[in-house]
Amino acid sequence: MTNKMFSVAIITYNQEKYISQTLDSILNQEHDYSYEIVIGEDCSTDNTKKVIEEYVQKYPQIIKPLYNAKNKGIINNYYNVIEHCSGKYIMECAGDDYWLPGKVKKQIEFMEANHDVGMCYGKAKILDMSVNKMQKK
């Protein structure tokens, strides 16, 4: 049995511009749960791997990088990351997305209080960069 309450599954490819915001939004969540962040870096041609490695140096007990030897593609990369997650719950975050404050605490509390529920999700907001406006989806 794992001692981690949750794992965050991230797959990334050429997301150098976004991966720091993604990781910061997860690392800055307020909660007392043990967790890990499993990142499948799929042979990016930009500096995504370098950015991830900087976070691994700061958070070696939390961030578990999976540096693929050759590009697996989105589906195989995803399955590989999921196989390496050891938390009671698995939360997903794309390498170019980020979490708003309170997400982890709210969702874990919900799951712990509702053992008959197998999955939950939250609404997403989409930032339209062309007009710099947030839209609910």
# chains A, B, ... in the order shown; residues from 1 in each chain; ligands from 1
$ residues_around --residues "region 17-23 of chain A" --least-positions-apart "6" --cutoff "8 Å" --atoms "only C-alpha atoms" --output "number ranges by chain"
A: 48, 51-52, 93-99
$ select_by_dssp --residues "region 14-91 of chain A" --states "helix (DSSP H, G or I)" --output "ChimeraX atom specification"
/A:19-27,48-58,74-83
$ write_last_selection --atoms "N, CA, C and O atoms" --output "compact mmCIF listing (two decimals), in the first residue's frame"
# COMPACT_ATOMS: atom_id res chain seq x y z
N ILE A 19 5.62 24.83 -18.50
CA ILE A 19 5.80 23.79 -17.49
C ILE A 19 6.13 24.36 -16.11
O ILE A 19 5.72 23.79 -15.10
N SER A 20 6.81 25.49 -16.02
CA SER A 20 7.09 26.10 -14.71
C SER A 20 5.79 26.52 -14.02
O SER A 20 5.60 26.26 -12.83
N GLN A 21 4.90 27.17 -14.76
CA GLN A 21 3.62 27.58 -14.18
C GLN A 21 2.81 26.35 -13.76
O GLN A 21 2.17 26.36 -12.71
N THR A 22 2.86 25.31 -14.56
CA THR A 22 2.17 24.07 -14.23
C THR A 22 2.66 23.53 -12.90
O THR A 22 1.89 23.26 -11.98
N LEU A 23 3.98 23.37 -12.80
CA LEU A 23 4.57 22.79 -11.58
C LEU A 23 4.36 23.69 -10.37
O LEU A 23 4.02 23.21 -9.28
N ASP A 24 4.54 24.99 -10.54
CA ASP A 24 4.33 25.91 -9.42
C ASP A 24 2.89 25.85 -8.91
O ASP A 24 2.64 25.89 -7.70
N SER A 25 1.93 25.75 -9.82
CA SER A 25 0.52 25.71 -9.39
C SER A 25 0.21 24.46 -8.59
O SER A 25 -0.66 24.48 -7.71
N ILE A 26 0.91 23.38 -8.85
CA ILE A 26 0.72 22.14 -8.10
C ILE A 26 1.48 22.20 -6.78
O ILE A 26 0.93 21.89 -5.72
N LEU A 27 2.72 22.63 -6.84
CA LEU A 27 3.55 22.71 -5.63
C LEU A 27 3.02 23.72 -4.62
O LEU A 27 3.24 23.58 -3.42
N THR A 48 12.27 22.03 -22.36
CA THR A 48 11.34 21.49 -21.36
C THR A 48 12.07 20.60 -20.36
O THR A 48 11.88 20.73 -19.15
N LYS A 49 12.92 19.72 -20.85
CA LYS A 49 13.66 18.80 -19.96
C LYS A 49 14.53 19.58 -18.98
O LYS A 49 14.60 19.25 -17.79
N LYS A 50 15.18 20.62 -19.44
CA LYS A 50 16.04 21.44 -18.58
C LYS A 50 15.23 22.09 -17.46
O LYS A 50 15.66 22.12 -16.30
N VAL A 51 14.06 22.62 -17.80
CA VAL A 51 13.20 23.25 -16.79
C VAL A 51 12.76 22.22 -15.76
O VAL A 51 12.81 22.46 -14.56
N ILE A 52 12.35 21.05 -16.22
CA ILE A 52 11.94 19.98 -15.30
C ILE A 52 13.08 19.61 -14.38
O ILE A 52 12.90 19.45 -13.17
N GLU A 53 14.28 19.49 -14.93
CA GLU A 53 15.44 19.11 -14.12
C GLU A 53 15.72 20.14 -13.02
O GLU A 53 16.13 19.76 -11.91
N GLU A 54 15.48 21.40 -13.29
CA GLU A 54 15.64 22.43 -12.25
C GLU A 54 14.67 22.19 -11.09
O GLU A 54 15.03 22.35 -9.93
N TYR A 55 13.46 21.79 -11.41
CA TYR A 55 12.47 21.48 -10.36
C TYR A 55 12.83 20.19 -9.63
O TYR A 55 12.62 20.09 -8.42
N VAL A 56 13.35 19.21 -10.33
CA VAL A 56 13.78 17.96 -9.69
C VAL A 56 14.86 18.26 -8.66
O VAL A 56 14.86 17.69 -7.56
N GLN A 57 15.78 19.18 -8.98
CA GLN A 57 16.85 19.54 -8.05
C GLN A 57 16.28 20.18 -6.79
O GLN A 57 16.77 19.96 -5.69
N LYS A 58 15.21 20.98 -6.93
CA LYS A 58 14.60 21.65 -5.78
C LYS A 58 13.67 20.73 -4.99
O LYS A 58 13.52 20.89 -3.79
N ILE A 74 1.65 10.69 -27.42
CA ILE A 74 0.81 11.11 -26.31
C ILE A 74 0.19 9.94 -25.55
O ILE A 74 0.18 9.92 -24.32
N ILE A 75 -0.33 8.95 -26.23
CA ILE A 75 -1.03 7.84 -25.56
C ILE A 75 -0.04 6.97 -24.78
O ILE A 75 -0.25 6.69 -23.59
N ASN A 76 1.03 6.52 -25.42
CA ASN A 76 2.00 5.66 -24.73
C ASN A 76 2.71 6.41 -23.61
O ASN A 76 3.02 5.81 -22.57
N ASN A 77 2.97 7.68 -23.79
CA ASN A 77 3.58 8.49 -22.73
C ASN A 77 2.62 8.56 -21.53
O ASN A 77 3.03 8.39 -20.38
N TYR A 78 1.34 8.78 -21.79
CA TYR A 78 0.34 8.85 -20.74
C TYR A 78 0.28 7.53 -19.95
O TYR A 78 0.32 7.53 -18.73
N TYR A 79 0.17 6.42 -20.65
CA TYR A 79 0.09 5.12 -19.96
C TYR A 79 1.35 4.85 -19.14
O TYR A 79 1.27 4.30 -18.04
N ASN A 80 2.49 5.23 -19.66
CA ASN A 80 3.74 5.05 -18.93
C ASN A 80 3.73 5.86 -17.63
O ASN A 80 4.13 5.37 -16.57
N VAL A 81 3.27 7.10 -17.69
CA VAL A 81 3.19 7.94 -16.49
C VAL A 81 2.23 7.33 -15.48
O VAL A 81 2.54 7.20 -14.29
N ILE A 82 1.05 6.92 -15.93
CA ILE A 82 0.05 6.33 -15.02
C ILE A 82 0.63 5.09 -14.34
O ILE A 82 0.42 4.89 -13.14
N GLU A 83 1.36 4.27 -15.06
CA GLU A 83 1.96 3.07 -14.48
C GLU A 83 2.95 3.39 -13.36
O GLU A 83 3.17 2.58 -12.47
$ residues_around --residues "region 109-119 of chain A" --least-positions-apart "2" --cutoff "10 Å" --atoms "only C-alpha atoms" --output "PyMOL selection string"
chain A and resi 89-91+104-107+121
$ closest_atom_pairs --of "region 58-91 of chain A" --to "region 38-44 of chain A" --cutoff "7 Å" --atoms "only C-alpha atoms" --output "JSON lines"
{"residue": "A:Ile63", "atom": "CA", "partner": "A:Val38", "partner_atom": "CA", "distance": 6.1}
{"residue": "A:Lys64", "atom": "CA", "partner": "A:Val38", "partner_atom": "CA", "distance": 4.8}
{"residue": "A:Pro65", "atom": "CA", "partner": "A:Ile39", "partner_atom": "CA", "distance": 4.8}
{"residue": "A:Leu66", "atom": "CA", "partner": "A:Gly40", "partner_atom": "CA", "distance": 4.7}
{"residue": "A:Tyr67", "atom": "CA", "partner": "A:Glu41", "partner_atom": "CA", "distance": 5.1}
{"residue": "A:Asn68", "atom": "CA", "partner": "A:Asp42", "partner_atom": "CA", "distance": 5.4}
{"residue": "A:Lys70", "atom": "CA", "partner": "A:Cys43", "partner_atom": "CA", "distance": 6.2}
{"residue": "A:Asn71", "atom": "CA", "partner": "A:Asp42", "partner_atom": "CA", "distance": 5.2}
{"residue": "A:Lys72", "atom": "CA", "partner": "A:Asp42", "partner_atom": "CA", "distance": 6.4}
{"residue": "A:Asn77", "atom": "CA", "partner": "A:Gly40", "partner_atom": "CA", "distance": 6.1}
{"residue": "A:Val81", "atom": "CA", "partner": "A:Gly40", "partner_atom": "CA", "distance": 5.7}
{"residue": "A:Cys85", "atom": "CA", "partner": "A:Val38", "partner_atom": "CA", "distance": 6.6}
$ write_last_selection --atoms "C-alpha atoms" --output "PDB file, in the first residue's frame"
ATOM      1  CA  ILE A  63       9.033  15.257  -8.620  1.00  0.00           C
ATOM      2  CA  LYS A  64       9.651  11.974 -10.429  1.00  0.00           C
ATOM      3  CA  PRO A  65      10.694  12.614 -14.029  1.00  0.00           C
ATOM      4  CA  LEU A  66      10.390   9.980 -16.728  1.00  0.00           C
ATOM      5  CA  TYR A  67      12.697  11.009 -19.555  1.00  0.00           C
ATOM      6  CA  ASN A  68      11.771   8.885 -22.545  1.00  0.00           C
ATOM      7  CA  LYS A  70      12.635   8.072 -27.767  1.00  0.00           C
ATOM      8  CA  ASN A  71       9.330   9.811 -28.414  1.00  0.00           C
ATOM      9  CA  LYS A  72       6.460   7.553 -27.272  1.00  0.00           C
ATOM     10  CA  ASN A  77       3.575   8.489 -22.735  1.00  0.00           C
ATOM     11  CA  VAL A  81       3.189   7.935 -16.487  1.00  0.00           C
ATOM     12  CA  CYS A  85       1.965   6.704 -10.147  1.00  0.00           C
TER      13      CYS A  85
END
$ select_by_dssp --residues "region 46-96 of chain A" --states "strand (DSSP E or B)" --output "MDAnalysis selection string"
chainID A and resid 63:67 89:92
$ write_last_selection --atoms "N, CA and C atoms" --output "mmCIF file, in the first residue's frame"
data_model
loop_
_atom_site.group_PDB
_atom_site.id
_atom_site.type_symbol
_atom_site.label_atom_id
_atom_site.label_comp_id
_atom_site.auth_asym_id
_atom_site.auth_seq_id
_atom_site.Cartn_x
_atom_site.Cartn_y
_atom_site.Cartn_z
ATOM 1 N N ILE A 63 9.097 15.336 -7.157
ATOM 2 C CA ILE A 63 9.033 15.257 -8.620
ATOM 3 C C ILE A 63 9.808 14.053 -9.127
ATOM 4 N N LYS A 64 9.103 13.201 -9.863
ATOM 5 C CA LYS A 64 9.651 11.974 -10.429
ATOM 6 C C LYS A 64 9.600 12.079 -11.954
ATOM 7 N N PRO A 65 10.718 12.475 -12.570
ATOM 8 C CA PRO A 65 10.694 12.614 -14.029
ATOM 9 C C PRO A 65 10.872 11.266 -14.731
ATOM 10 N N LEU A 66 10.211 11.128 -15.840
ATOM 11 C CA LEU A 66 10.390 9.980 -16.728
ATOM 12 C C LEU A 66 10.853 10.557 -18.062
ATOM 13 N N TYR A 67 12.146 10.473 -18.317
ATOM 14 C CA TYR A 67 12.697 11.009 -19.555
ATOM 15 C C TYR A 67 12.735 9.876 -20.579
ATOM 16 N N TYR A 89 -4.895 8.326 -4.989
ATOM 17 C CA TYR A 89 -5.640 8.991 -6.052
ATOM 18 C C TYR A 89 -4.663 9.479 -7.112
ATOM 19 N N ILE A 90 -5.135 9.543 -8.346
ATOM 20 C CA ILE A 90 -4.335 10.098 -9.439
ATOM 21 C C ILE A 90 -5.047 11.335 -9.952
ATOM 22 N N MET A 91 -4.318 12.449 -9.960
ATOM 23 C CA MET A 91 -4.837 13.701 -10.494
ATOM 24 C C MET A 91 -4.021 14.015 -11.749
ATOM 25 N N GLU A 92 -4.676 14.508 -12.762
ATOM 26 C CA GLU A 92 -3.994 14.805 -14.020
ATOM 27 C C GLU A 92 -3.867 16.303 -14.231
#
$ residues_around --residues "Tyr33 (chain A)" --least-positions-apart "5" --cutoff "8 Å" --atoms "only C-alpha atoms" --output "number ranges by chain"
A: 4-6
$ closest_residue --among "A:His84, A:Lys103, A:His31, A:Lys125" --to "Ala9 (chain A)" --atoms "only C-alpha atoms"
A:His84
$ atom_distance --atom1 "CA of Lys123 (chain A)" --atom2 "CA of Tyr13 (chain A)"
24.2 Å
$ residues_around --residues "Asn3 (chain A)" --least-positions-apart "4" --cutoff "10 Å" --atoms "only C-alpha atoms" --output "MDAnalysis selection string"
chainID A and resid 33:35 86:88
$ closest_residue --among "A:Pro101, A:Glu36, A:Asn47, A:Gly73" --to "Gln61 (chain A)" --atoms "only C-alpha atoms"
A:Glu36
$ atom_distance --atom1 "CA of Pro60 (chain A)" --atom2 "CA of Cys120 (chain A)"
28.4 Å
